[in-house]
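**Student:** What follows is a structure written as structure tokens; I'll ask about it next.
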Amino acid sequence: MRTILVLVVVLNVTPGAQQPASLEDTLVWMHNFAADNGSQFTGQRNTDKGACKLGTPNCEPRHDVTTFDSHGCLATITWSVDLNYKDVGTHTYHFSLKDLDPNSVARVKDNPFENAVVAETTNSEKKVAESFTPAGGKAEESKHTWVELVFDNGDNAGRFVKAFRHAIQLCGGKPSVS
């Protein structure tokens with residue numbers, strides 16, 4: 001028994017012996033990582049909704065929070081928005097990771113966000129179901145070709161990109177045809 005334990009230890013510390021993370025492990029990591037880091041504070045102009053420096057005229061504080069949940073390859077991103085300390089509403093995106101193009105996953109600056117992660121559907125098919133529920137209002141449904149999350153900093157957005165791409169590949173997501 002002692003020899004087997006030594007052999008296992010040797011195999012576990014041998015360079016290159018580590019296996020890629022499983023789908024389940026990747027999805028759990030994505031859920032927890034977004035819960036811990038999926039938030040961004042920024043300023044938004046009340047005139048044209050563009051980015052602005054907090055404290056300048058017509059600039060309101062904006063707080064966005066995104067979460068990631070999944071059941072296997074079926075995923076949900078929830079994006080809540082507070083503007084000037086008031087709930088504006090919540091966007092909820094339902095989609096299959098299999099429908100996303102792994103090559104499209106990227107960190108982007110999407111005004112007013114500095115640290116967003118976006119992924120497009122394969123061949124721009126409208127496979128993402130969005131429900132927007134304004135504060136105290138009735139949900140509005142639509143279909144999209146993309147999903148997006150915000151993060152607290154660029155390094156965290158970059159880390160999520162890698163896991164998101166890996167999960168899409170494990171679920172069978174295919175690149176778009178050029």
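Scheme for the structure tokens: letters A, B, ... for chains in order shown; per-chain residue numbers from 1; ligand numbers from 1 in order shown.
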Near Thr67 in chain A, within 6 Å and counting only C-alpha atoms, which residues show up once chain neighbours fewer than 4 positions away are dropped, as number ranges by chain?
**Tutor:** A: 34-35, 77-78
**Student:** For the residues in the current selection, export N, CA and C atoms as a PDB file, in the first residue's frame.
**Tutor:**
```pdb
ATOM      1  N   ALA A  34     -17.694  34.888 -10.833  1.00  0.00           N
ATOM      2  CA  ALA A  34     -18.591  35.995 -11.174  1.00  0.00           C
ATOM      3  C   ALA A  34     -19.272  36.537  -9.914  1.00  0.00           C
ATOM      4  N   ALA A  35     -19.652  35.648  -8.993  1.00  0.00           N
ATOM      5  CA  ALA A  35     -20.281  36.101  -7.741  1.00  0.00           C
ATOM      6  C   ALA A  35     -19.331  37.004  -6.953  1.00  0.00           C
ATOM      7  N   ILE A  77     -27.134  34.285 -17.340  1.00  0.00           N
ATOM      8  CA  ILE A  77     -26.413  35.460 -16.851  1.00  0.00           C
ATOM      9  C   ILE A  77     -27.478  36.449 -16.402  1.00  0.00           C
ATOM     10  N   THR A  78     -27.309  36.960 -15.187  1.00  0.00           N
ATOM     11  CA  THR A  78     -28.210  37.977 -14.666  1.00  0.00           C
ATOM     12  C   THR A  78     -27.411  39.264 -14.495  1.00  0.00           C
TER      13      THR A  78
END
```
**Student:** Give me the range 38-100 of chain A side of the contact with range 162-174 of chain A, cut-off 7 Å, one line per residue showing its nearest atom pair and distance in Å at one decimal, counting only C-alpha atoms, sorted by chain and residue number, as a tab-separated table.
**Tutor:**
```
residue	atom	partner	partner_atom	distance
A:Cys73	CA	A:Cys171	CA	5.9
A:Leu97	CA	A:Ile168	CA	5.0
A:Lys98	CA	A:Gly173	CA	4.1
A:Asp99	CA	A:Gly173	CA	5.7
A:Leu100	CA	A:Gly173	CA	5.5
```
**Student:** Put those residues in a file: N, CA, C and O atoms, as an mmCIF file, in the first residue's frame.
**Tutor:**
```cif
data_model
loop_
_atom_site.group_PDB
_atom_site.id
_atom_site.type_symbol
_atom_site.label_atom_id
_atom_site.label_comp_id
_atom_site.auth_asym_id
_atom_site.auth_seq_id
_atom_site.Cartn_x
_atom_site.Cartn_y
_atom_site.Cartn_z
ATOM 1 N N CYS A 73 -24.660 22.525 -19.688
ATOM 2 C CA CYS A 73 -24.351 23.507 -20.723
ATOM 3 C C CYS A 73 -25.404 24.609 -20.855
ATOM 4 O O CYS A 73 -25.219 25.549 -21.621
ATOM 5 N N LEU A 97 -24.389 27.057 -23.815
ATOM 6 C CA LEU A 97 -22.982 27.310 -24.130
ATOM 7 C C LEU A 97 -22.625 26.718 -25.492
ATOM 8 O O LEU A 97 -21.741 27.232 -26.181
ATOM 9 N N LYS A 98 -23.326 25.680 -25.900
ATOM 10 C CA LYS A 98 -23.072 25.042 -27.201
ATOM 11 C C LYS A 98 -23.357 26.003 -28.356
ATOM 12 O O LYS A 98 -22.779 25.868 -29.434
ATOM 13 N N ASP A 99 -24.235 26.991 -28.151
ATOM 14 C CA ASP A 99 -24.602 27.930 -29.207
ATOM 15 C C ASP A 99 -23.623 29.095 -29.350
ATOM 16 O O ASP A 99 -23.782 29.928 -30.248
ATOM 17 N N LEU A 100 -22.617 29.173 -28.479
ATOM 18 C CA LEU A 100 -21.670 30.283 -28.528
ATOM 19 C C LEU A 100 -20.411 29.912 -29.302
ATOM 20 O O LEU A 100 -19.995 28.755 -29.324
#
```
**Student:** Using DSSP on the backbone coordinates, identify the residues of range 17-165 of chain A assigned to strand (DSSP E or B); present them as a PyMOL selection string.
**Tutor:** chain A and resi 39-45+51-52+59-71+74-83+86-96+100+106-110+113-121+128-134+140-144+146-150
**Student:** Counting only C-alpha atoms, which residue out of A:Gly72, A:Pro61, A:Thr56, A:Lys109 sits closest to Thr26 in chain A?
**Tutor:**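 With only C-alpha atoms as the atom set, the closest residue is A:Gly72.
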**Student:** Just how far from CA of Ala75 in chain A is CA of Phe95 in chain A, in Å to one decimal?
**Tutor:** 5.5 Å
**Student:** Could you list, as a PDB file with all heavy atoms, in the first residue's frame, every residue within 8 Å of Leu54 in chain A, counting only C-alpha atoms and ignoring same-chain residues fewer than 5 positions away?
**Tutor:**
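Output saved as around13.pdb:
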```pdb
ATOM      1  N   THR A  42     -19.297  52.799 -12.039  1.00  0.00           N
ATOM      2  CA  THR A  42     -18.873  53.757 -13.049  1.00  0.00           C
ATOM      3  C   THR A  42     -19.785  54.968 -12.992  1.00  0.00           C
ATOM      4  O   THR A  42     -20.757  54.987 -12.241  1.00  0.00           O
ATOM      5  CB  THR A  42     -18.873  53.108 -14.462  1.00  0.00           C
ATOM      6  OG1 THR A  42     -18.266  53.981 -15.388  1.00  0.00           O
ATOM      7  CG2 THR A  42     -20.265  52.761 -14.915  1.00  0.00           C
ATOM      8  N   GLY A  43     -19.480  55.962 -13.804  1.00  0.00           N
ATOM      9  CA  GLY A  43     -20.354  57.117 -13.931  1.00  0.00           C
ATOM     10  C   GLY A  43     -21.051  57.064 -15.275  1.00  0.00           C
ATOM     11  O   GLY A  43     -20.471  56.637 -16.267  1.00  0.00           O
ATOM     12  N   CYS A  59     -23.427  63.704 -14.201  1.00  0.00           N
ATOM     13  CA  CYS A  59     -22.867  62.353 -14.087  1.00  0.00           C
ATOM     14  C   CYS A  59     -23.468  61.671 -12.861  1.00  0.00           C
ATOM     15  O   CYS A  59     -23.373  62.180 -11.746  1.00  0.00           O
ATOM     16  CB  CYS A  59     -21.350  62.409 -13.959  1.00  0.00           C
ATOM     17  SG  CYS A  59     -20.573  60.781 -14.029  1.00  0.00           S
ATOM     18  N   GLU A  60     -24.106  60.531 -13.120  1.00  0.00           N
ATOM     19  CA  GLU A  60     -24.744  59.788 -12.035  1.00  0.00           C
ATOM     20  C   GLU A  60     -23.976  58.501 -11.761  1.00  0.00           C
ATOM     21  O   GLU A  60     -23.438  57.889 -12.685  1.00  0.00           O
ATOM     22  CB  GLU A  60     -26.187  59.435 -12.418  1.00  0.00           C
ATOM     23  CG  GLU A  60     -27.056  60.646 -12.648  1.00  0.00           C
ATOM     24  CD  GLU A  60     -28.455  60.283 -13.099  1.00  0.00           C
ATOM     25  OE1 GLU A  60     -28.633  59.278 -13.815  1.00  0.00           O
ATOM     26  OE2 GLU A  60     -29.381  61.028 -12.730  1.00  0.00           O
ATOM     27  N   PRO A  61     -23.920  58.087 -10.492  1.00  0.00           N
ATOM     28  CA  PRO A  61     -23.246  56.825 -10.183  1.00  0.00           C
ATOM     29  C   PRO A  61     -24.057  55.648 -10.725  1.00  0.00           C
ATOM     30  O   PRO A  61     -25.289  55.627 -10.641  1.00  0.00           O
ATOM     31  CB  PRO A  61     -23.176  56.801  -8.663  1.00  0.00           C
ATOM     32  CG  PRO A  61     -24.220  57.766  -8.203  1.00  0.00           C
ATOM     33  CD  PRO A  61     -24.420  58.754  -9.301  1.00  0.00           C
TER      34      PRO A  61
END
```
